[in-house]
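Participant: This is the structure, below, for whatever I ask next.
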Amino acid sequence: MSKNALRPLPPKDQLIFNSAIHLHQSGTIDKAKDIYLGLLKKHPENVDLNYLLGVLAVQQKEWLKAIGLIGKAIKLKPENPNFYYNRGLANYGMQNLEAAILDYGLAIARNPDYIEAYLNRGVAEQDMQRYEAAIDSYDKAIALNPRNISAYSNRSVALCKLLRFEESIASCEIAIALSPGFTEAHFNKGNALQELKRFDAAVLSYQTAIDLHPRYAKAHLNLGVCLLKLKRYDGALLNLQSALQLNPDYPEAHLNLGNLFREVRQFDQALASLDKAVAVKPGYGEAHFNKSLVELALGNFESGWPLYEWRWQSEGAPSKPLLTSKPPFNGHRSGSRVLVWAEQGVGDEIMFASLLNRFSRLGFKVLVAVDERLLPLFRRSFEHIDFYDKASVVPEDLYDEHLAMGGMCQYLMPSPPDFNAAERAYLFAEKSRSSAIRASFKINPTERLCGISWRTTNQNFASRNLQLKSLVASLAAPGLRFVSLQYGDTQNEMDTVAAELGIRVLSCEEVDNFRDMDGLAALIAACDVVVSIDNTTVHLAGALGKPVNVLLPFDSDWRWMTAGDRSYWYASARLFRQGSDWNWLPLLEHVRQEVA
């Protein structure tokens, strides 16, 4: 250490220095800075001048300058915890997160009761997605001050990231109990409630945050998203527009406004909003991908399929990309071996499998990795293709290139007429098993067997669901027998239908409708007709060429297009569309007439 580092300033300079500190504390930063700099020229080794100029640089977000000045102060007086803390702020400002965490740790080592250092270390650890470490830092701050509301609120965010939503809510509630007007705690509680799909409760938390801070754009956004989940479109529209009034360049608000317009079938406005999201944030994968869903729903395949490839850059990517050293297929090579790998749900795998024969005719040796449940059915139906369980690693020496299953579309289906080449049936159930199943139901020659499925367990698509009682009551007709194609425990529902309607819904005990896809295919093949909501059942029935009546909610998926009663994907499918009133009854009456 320099012998001048800790020496007091001469009395005259000390008075000047004291006046600069007063100006600094009162917010007159520029004048304080000029005085500090003037004194530093005379006393370059003075610890306090270097430190306070560094603090001032932090306040002015001159991060690099702050690091240099405070770093010099640390060399001159290494035992002061405040020096490390403020250098941590500067490193954090530069997003040198590891360095910031180290500095906060050094501050804590010199002052174990340094609450602000624990809090800021937690924030930096959280930014590095080290959520357990962040929680530990927040817990230490809370141990020092059990009434520190910021620690509870920040802790709730880290808990939410770890999917510990109930604990996150509890942490928010402590913060709110300590300070009912603490906006961020209400907002964070709303986020955890929304993750738990407790949307009504989340709405109340977001609304409270907005009442406390009306210009809180992110709260307006999240409230709008939550109301969109609840199909409360007017409120969703109002809040998303409020978010954009507060921040016109808010890409997430443009994105969700586009999603709203897509759901209410205002497609031109949806495209305009998504284009704005991309204009503000050009690499916004979610916006590009959601635009693809609009274009595909409108039948604009030439523009839609390339945009569909943005799904891998979207937050809701269907799965993780394949880990392989082999290059992706680019459509220009011939004679190579291509691994086509499943990327989405079983229904999507069945739908995209409609392209496998055409793809293999392009001259490639095709290998396909799919859900294990589909292997018996696919191997029977595509004898010239080698299939593998997607949960296992396909040896890289077996293929030269790879392609996600949905990626075949851009090469094979660039326009609506290309779908005309689709095969009526491309999957084939085991005939003997199907015949045995039908025989077990003892269906007499005057009766028809109708397979039904009425719900999905995916809460993102809850608008597709029906009550079994409503479905059976609407379809019931003389000579029509029902058999469940629904997976999961349905016994209570079927007992209720039997007791209240006097109609017995059959089930096939030997087939597990979730795990045994080959058995489900045989069961569907045993039916005369199928009626189902949009789930795996309709894809399997359509792929088998079985007449299938698809019940579509108002916000139907892109693959069913926007109008018409025919499917591009399945020649045997008939589409029935819910109106804008979201009422199933008129639709079911039309289905009853068709089935009867």
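Residues are named by chain letter and number: chains run A, B, ... in the order of the structure tokens, numbers start at 1 in each chain, and ligands are numbered from 1 in the order shown.
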Taking 3 positions as the minimum chain separation for residues in the same chain, which residues sit within 9 Å of segment 302-317 of chain A when counting only C-alpha atoms? Answer as a VMD selection string.
Facilitator: chain A and resid 283 to 297 299 320 to 321 406 to 407 409 to 411 413 to 415
Participant: Write the residues of the preceding selection, restricted to N, CA and C atoms, as a PDB file, in the first residue's frame.
Facilitator:
```pdb
ATOM      1  N   GLY A 283     -35.194 -11.730 -34.740  1.00  0.00           N
ATOM      2  CA  GLY A 283     -34.917 -13.143 -34.519  1.00  0.00           C
ATOM      3  C   GLY A 283     -35.886 -13.809 -33.573  1.00  0.00           C
ATOM      4  N   TYR A 284     -37.084 -13.276 -33.472  1.00  0.00           N
ATOM      5  CA  TYR A 284     -38.073 -13.752 -32.503  1.00  0.00           C
ATOM      6  C   TYR A 284     -38.694 -15.057 -33.006  1.00  0.00           C
ATOM      7  N   GLY A 285     -38.124 -16.175 -32.563  1.00  0.00           N
ATOM      8  CA  GLY A 285     -38.566 -17.480 -33.056  1.00  0.00           C
ATOM      9  C   GLY A 285     -40.031 -17.743 -32.816  1.00  0.00           C
ATOM     10  N   GLU A 286     -40.525 -17.357 -31.647  1.00  0.00           N
ATOM     11  CA  GLU A 286     -41.934 -17.606 -31.304  1.00  0.00           C
ATOM     12  C   GLU A 286     -42.863 -16.908 -32.287  1.00  0.00           C
ATOM     13  N   ALA A 287     -42.521 -15.670 -32.661  1.00  0.00           N
ATOM     14  CA  ALA A 287     -43.379 -14.914 -33.578  1.00  0.00           C
ATOM     15  C   ALA A 287     -43.342 -15.510 -34.980  1.00  0.00           C
ATOM     16  N   HIS A 288     -42.155 -15.868 -35.464  1.00  0.00           N
ATOM     17  CA  HIS A 288     -42.049 -16.505 -36.785  1.00  0.00           C
ATOM     18  C   HIS A 288     -42.854 -17.823 -36.809  1.00  0.00           C
ATOM     19  N   PHE A 289     -42.699 -18.617 -35.753  1.00  0.00           N
ATOM     20  CA  PHE A 289     -43.392 -19.901 -35.696  1.00  0.00           C
ATOM     21  C   PHE A 289     -44.902 -19.705 -35.633  1.00  0.00           C
ATOM     22  N   ASN A 290     -45.367 -18.788 -34.795  1.00  0.00           N
ATOM     23  CA  ASN A 290     -46.807 -18.559 -34.699  1.00  0.00           C
ATOM     24  C   ASN A 290     -47.377 -18.002 -35.992  1.00  0.00           C
ATOM     25  N   LYS A 291     -46.568 -17.234 -36.710  1.00  0.00           N
ATOM     26  CA  LYS A 291     -47.013 -16.769 -38.027  1.00  0.00           C
ATOM     27  C   LYS A 291     -47.174 -17.957 -38.970  1.00  0.00           C
ATOM     28  N   SER A 292     -46.287 -18.941 -38.842  1.00  0.00           N
ATOM     29  CA  SER A 292     -46.414 -20.134 -39.696  1.00  0.00           C
ATOM     30  C   SER A 292     -47.748 -20.831 -39.465  1.00  0.00           C
ATOM     31  N   LEU A 293     -48.207 -20.857 -38.202  1.00  0.00           N
ATOM     32  CA  LEU A 293     -49.465 -21.538 -37.894  1.00  0.00           C
ATOM     33  C   LEU A 293     -50.644 -20.825 -38.546  1.00  0.00           C
ATOM     34  N   VAL A 294     -50.561 -19.494 -38.629  1.00  0.00           N
ATOM     35  CA  VAL A 294     -51.615 -18.746 -39.322  1.00  0.00           C
ATOM     36  C   VAL A 294     -51.562 -19.030 -40.820  1.00  0.00           C
ATOM     37  N   GLU A 295     -50.375 -18.952 -41.388  1.00  0.00           N
ATOM     38  CA  GLU A 295     -50.225 -19.192 -42.829  1.00  0.00           C
ATOM     39  C   GLU A 295     -50.683 -20.606 -43.198  1.00  0.00           C
ATOM     40  N   LEU A 296     -50.321 -21.592 -42.391  1.00  0.00           N
ATOM     41  CA  LEU A 296     -50.724 -22.976 -42.685  1.00  0.00           C
ATOM     42  C   LEU A 296     -52.222 -23.143 -42.547  1.00  0.00           C
ATOM     43  N   ALA A 297     -52.805 -22.510 -41.532  1.00  0.00           N
ATOM     44  CA  ALA A 297     -54.261 -22.595 -41.361  1.00  0.00           C
ATOM     45  C   ALA A 297     -54.998 -21.996 -42.553  1.00  0.00           C
ATOM     46  N   GLY A 299     -53.859 -22.132 -45.560  1.00  0.00           N
ATOM     47  CA  GLY A 299     -53.502 -22.880 -46.763  1.00  0.00           C
ATOM     48  C   GLY A 299     -52.358 -22.275 -47.537  1.00  0.00           C
ATOM     49  N   LYS A 320     -36.528 -31.265 -27.953  1.00  0.00           N
ATOM     50  CA  LYS A 320     -35.150 -30.850 -28.145  1.00  0.00           C
ATOM     51  C   LYS A 320     -34.639 -31.394 -29.479  1.00  0.00           C
ATOM     52  N   PRO A 321     -33.838 -30.612 -30.188  1.00  0.00           N
ATOM     53  CA  PRO A 321     -33.261 -31.106 -31.447  1.00  0.00           C
ATOM     54  C   PRO A 321     -32.446 -32.375 -31.216  1.00  0.00           C
ATOM     55  N   GLY A 406     -41.596 -33.249 -39.039  1.00  0.00           N
ATOM     56  CA  GLY A 406     -42.362 -32.165 -39.654  1.00  0.00           C
ATOM     57  C   GLY A 406     -41.627 -31.472 -40.774  1.00  0.00           C
ATOM     58  N   GLY A 407     -40.312 -31.663 -40.836  1.00  0.00           N
ATOM     59  CA  GLY A 407     -39.520 -31.031 -41.891  1.00  0.00           C
ATOM     60  C   GLY A 407     -39.770 -31.602 -43.271  1.00  0.00           C
ATOM     61  N   CYS A 409     -42.516 -31.763 -44.701  1.00  0.00           N
ATOM     62  CA  CYS A 409     -43.617 -31.024 -45.333  1.00  0.00           C
ATOM     63  C   CYS A 409     -43.122 -30.001 -46.346  1.00  0.00           C
ATOM     64  N   GLN A 410     -42.046 -29.292 -46.022  1.00  0.00           N
ATOM     65  CA  GLN A 410     -41.595 -28.229 -46.927  1.00  0.00           C
ATOM     66  C   GLN A 410     -41.098 -28.785 -48.251  1.00  0.00           C
ATOM     67  N   TYR A 411     -40.709 -30.061 -48.267  1.00  0.00           N
ATOM     68  CA  TYR A 411     -40.249 -30.680 -49.511  1.00  0.00           C
ATOM     69  C   TYR A 411     -41.376 -31.365 -50.281  1.00  0.00           C
ATOM     70  N   MET A 413     -45.058 -30.905 -49.535  1.00  0.00           N
ATOM     71  CA  MET A 413     -46.388 -30.295 -49.528  1.00  0.00           C
ATOM     72  C   MET A 413     -46.333 -28.781 -49.680  1.00  0.00           C
ATOM     73  N   PRO A 414     -45.690 -28.255 -50.706  1.00  0.00           N
ATOM     74  CA  PRO A 414     -45.573 -26.806 -50.832  1.00  0.00           C
ATOM     75  C   PRO A 414     -46.861 -26.093 -51.232  1.00  0.00           C
ATOM     76  N   SER A 415     -47.883 -26.837 -51.685  1.00  0.00           N
ATOM     77  CA  SER A 415     -49.132 -26.195 -52.100  1.00  0.00           C
ATOM     78  C   SER A 415     -50.302 -27.150 -51.860  1.00  0.00           C
TER      79      SER A 415
END
```
Participant: Do a neighbour search on Ser168 of chain A at 9 Å with only C-alpha atoms, toss out local chain neighbours closer than 3 positions, and write the hits as a PyMOL selection string.
Facilitator: chain A and resi 152-153+155-160+163-165+171-173+188-189+192
Participant: Going by DSSP on the backbone, which bits of segment 472-590 of chain A are strand (DSSP E)? Write them as a list in words, please.
Facilitator: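 Going through segment 472-590 of chain A, the strand (DSSP E) residues come out as Leu480, Arg481, Phe482, Val483, Ser484, Val505, Leu506, Val529, Val530, Val531, Ser532, Ile533, Val548, Asn549, Val550, Leu551, Leu552, Ala573, Arg574, Leu575, Phe576 and Arg577 of chain A.
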Participant: Figure out the distance between atom CA of Arg464 of chain A and atom CA of Pro416 of chain A, please, to one decimal in Å.
Facilitator: 26.0 Å
Participant: I'd like the contact shell of segment 42-49 of chain A - 12 Å cut-off, only C-alpha atoms, skipping same-chain residues fewer than 5 positions apart - returned as a ChimeraX atom specification.
Facilitator: /A:1-10,13-14,16-18,20-21,32-37,54-56,69-80,82-83
Participant: What's around Tyr84 of chain A at 7 Å? Count only C-alpha atoms, leave out sequence neighbours fewer than 4 positions away in its own chain, and write the answer as an NGL selection string.
Facilitator: :A and (88 or 103-104 or 106-107)
Participant: With all heavy atoms kept, could you save the residues just selected as a PDB file, in the first residue's frame?
Facilitator:
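The resulting file, selection_23.pdb, is shown below:
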```pdb
ATOM      1  N   GLY A  88     -18.893  -5.155  -7.520  1.00  0.00           N
ATOM      2  CA  GLY A  88     -19.852  -6.171  -7.945  1.00  0.00           C
ATOM      3  C   GLY A  88     -20.997  -5.556  -8.747  1.00  0.00           C
ATOM      4  O   GLY A  88     -21.434  -6.118  -9.752  1.00  0.00           O
ATOM      5  N   ASP A 103     -17.271 -10.844  -6.414  1.00  0.00           N
ATOM      6  CA  ASP A 103     -17.143  -9.603  -5.634  1.00  0.00           C
ATOM      7  C   ASP A 103     -18.119  -9.579  -4.465  1.00  0.00           C
ATOM      8  O   ASP A 103     -17.758  -9.183  -3.346  1.00  0.00           O
ATOM      9  CB  ASP A 103     -17.386  -8.389  -6.538  1.00  0.00           C
ATOM     10  CG  ASP A 103     -16.126  -7.956  -7.286  1.00  0.00           C
ATOM     11  OD1 ASP A 103     -15.030  -8.246  -6.777  1.00  0.00           O
ATOM     12  OD2 ASP A 103     -16.254  -7.344  -8.347  1.00  0.00           O
ATOM     13  N   TYR A 104     -19.363  -9.984  -4.710  1.00  0.00           N
ATOM     14  CA  TYR A 104     -20.328  -9.996  -3.606  1.00  0.00           C
ATOM     15  C   TYR A 104     -19.874 -10.970  -2.517  1.00  0.00           C
ATOM     16  O   TYR A 104     -20.027 -10.703  -1.320  1.00  0.00           O
ATOM     17  CB  TYR A 104     -21.716 -10.384  -4.110  1.00  0.00           C
ATOM     18  CG  TYR A 104     -22.332  -9.383  -5.069  1.00  0.00           C
ATOM     19  CD1 TYR A 104     -22.984  -9.801  -6.231  1.00  0.00           C
ATOM     20  CD2 TYR A 104     -22.266  -8.019  -4.816  1.00  0.00           C
ATOM     21  CE1 TYR A 104     -23.549  -8.887  -7.113  1.00  0.00           C
ATOM     22  CE2 TYR A 104     -22.827  -7.093  -5.699  1.00  0.00           C
ATOM     23  CZ  TYR A 104     -23.467  -7.541  -6.846  1.00  0.00           C
ATOM     24  OH  TYR A 104     -24.026  -6.632  -7.708  1.00  0.00           O
ATOM     25  N   LEU A 106     -16.756 -11.701  -1.802  1.00  0.00           N
ATOM     26  CA  LEU A 106     -15.646 -11.069  -1.088  1.00  0.00           C
ATOM     27  C   LEU A 106     -16.157 -10.017  -0.101  1.00  0.00           C
ATOM     28  O   LEU A 106     -15.588  -9.851   0.996  1.00  0.00           O
ATOM     29  CB  LEU A 106     -14.686 -10.430  -2.096  1.00  0.00           C
ATOM     30  CG  LEU A 106     -13.891 -11.426  -2.961  1.00  0.00           C
ATOM     31  CD1 LEU A 106     -13.178 -10.696  -4.100  1.00  0.00           C
ATOM     32  CD2 LEU A 106     -12.873 -12.188  -2.103  1.00  0.00           C
ATOM     33  N   ALA A 107     -17.222  -9.320  -0.490  1.00  0.00           N
ATOM     34  CA  ALA A 107     -17.830  -8.357   0.439  1.00  0.00           C
ATOM     35  C   ALA A 107     -18.399  -9.082   1.657  1.00  0.00           C
ATOM     36  O   ALA A 107     -18.220  -8.644   2.804  1.00  0.00           O
ATOM     37  CB  ALA A 107     -18.927  -7.567  -0.272  1.00  0.00           C
TER      38      ALA A 107
END
```
Participant: Enumerate, as a list of chain:residue names, the complete set of residues in segment 442-489 of chain A that a backbone-based DSSP assignment places in helix (DSSP H, G or I).
Facilitator: A:Gln459, A:Asn460, A:Phe461, A:Ala462, A:Ser463, A:Arg464, A:Leu468, A:Lys469, A:Ser470, A:Leu471, A:Val472, A:Ala473, A:Ser474, A:Leu475
Participant: What would the file look like if the residues just selected were written as a compact mmCIF listing (two decimals), in the first residue's frame with C-alpha atoms?
Facilitator:
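Listed below is the output, again_24.txt:
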```txt
# COMPACT_ATOMS: atom_id res chain seq x y z
CA GLN A 459 -54.54 -28.52 -20.34
CA ASN A 460 -53.30 -26.28 -23.14
CA PHE A 461 -56.10 -27.71 -25.27
CA ALA A 462 -58.87 -27.85 -22.67
CA SER A 463 -61.26 -26.10 -25.08
CA ARG A 464 -61.40 -29.35 -27.08
CA LEU A 468 -69.10 -38.06 -22.10
CA LYS A 469 -72.72 -37.70 -21.03
CA SER A 470 -73.27 -34.79 -23.44
CA LEU A 471 -71.61 -36.66 -26.28
CA VAL A 472 -73.59 -39.88 -25.83
CA ALA A 473 -76.89 -38.07 -25.24
CA SER A 474 -76.42 -36.07 -28.45
CA LEU A 475 -75.41 -39.04 -30.62
```
Participant: Find the residues around segment 353-363 of chain A up to 10 Å (only C-alpha atoms counted), leave out those fewer than 4 positions away in its own chain, and share them as a count of residues only.
Facilitator: 37
Participant: Between A:Arg455, A:Ala477, A:Ala109, A:Gln95, which residue has the minimum interatomic distance to Glu493 of chain A, considering only C-alpha atoms?
Facilitator: A:Arg455
Participant: With distances taken over only C-alpha atoms, which residue among A:Glu98, A:Glu383, A:Asp400, A:Asp581 lies nearest Lys365 of chain A?
Facilitator: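 Selected residue with least distance to Lys365 of chain A: A:Asp400.
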Participant: With a distance cut-off of 10 Å and only C-alpha atoms, select the neighbouring residues of Pro251 of chain A, excluding the residue or stretch itself and same-chain residues fewer than 2 positions from it, and output the selection as a ChimeraX atom specification.
Facilitator: /A:244,247-249,253-257,273-282,284,287
Participant: Counting only C-alpha atoms, what is within 10 Å of Glu184 of chain A, bar same-chain residues fewer than 2 positions away, as a PyMOL selection string?
Facilitator: chain A and resi 149-150+153-154+172+175-176+181-182+186-190+206+209+212-213+216+219
Participant: The selected residues should be written to file as a PDB file, in the first residue's frame (atoms: C-alpha atoms).
Facilitator:
```pdb
ATOM      1  CA  ILE A 149     -39.552  -8.067   1.330  1.00  0.00           C
ATOM      2  CA  SER A 150     -37.187  -7.973  -1.663  1.00  0.00           C
ATOM      3  CA  SER A 153     -40.038 -11.605  -3.696  1.00  0.00           C
ATOM      4  CA  ASN A 154     -36.798 -12.480  -5.498  1.00  0.00           C
ATOM      5  CA  CYS A 172     -44.836 -13.956  -2.273  1.00  0.00           C
ATOM      6  CA  ALA A 175     -43.732 -10.367   1.182  1.00  0.00           C
ATOM      7  CA  ILE A 176     -47.324  -9.183   0.687  1.00  0.00           C
ATOM      8  CA  GLY A 181     -48.433  -2.473  -1.519  1.00  0.00           C
ATOM      9  CA  PHE A 182     -45.333  -4.264  -2.824  1.00  0.00           C
ATOM     10  CA  HIS A 186     -48.296  -9.553  -6.435  1.00  0.00           C
ATOM     11  CA  PHE A 187     -46.901  -9.840  -9.952  1.00  0.00           C
ATOM     12  CA  ASN A 188     -44.653 -12.789  -9.055  1.00  0.00           C
ATOM     13  CA  LYS A 189     -47.529 -14.516  -7.303  1.00  0.00           C
ATOM     14  CA  GLY A 190     -49.579 -14.147 -10.483  1.00  0.00           C
ATOM     15  CA  TYR A 206     -52.014  -9.263 -11.805  1.00  0.00           C
ATOM     16  CA  ALA A 209     -50.235  -5.254  -9.315  1.00  0.00           C
ATOM     17  CA  LEU A 212     -50.786  -0.434  -7.430  1.00  0.00           C
ATOM     18  CA  HIS A 213     -48.772   0.487 -10.537  1.00  0.00           C
ATOM     19  CA  TYR A 216     -46.669  -1.687 -15.218  1.00  0.00           C
ATOM     20  CA  ALA A 219     -48.320  -6.882 -15.603  1.00  0.00           C
TER      21      ALA A 219
END
```
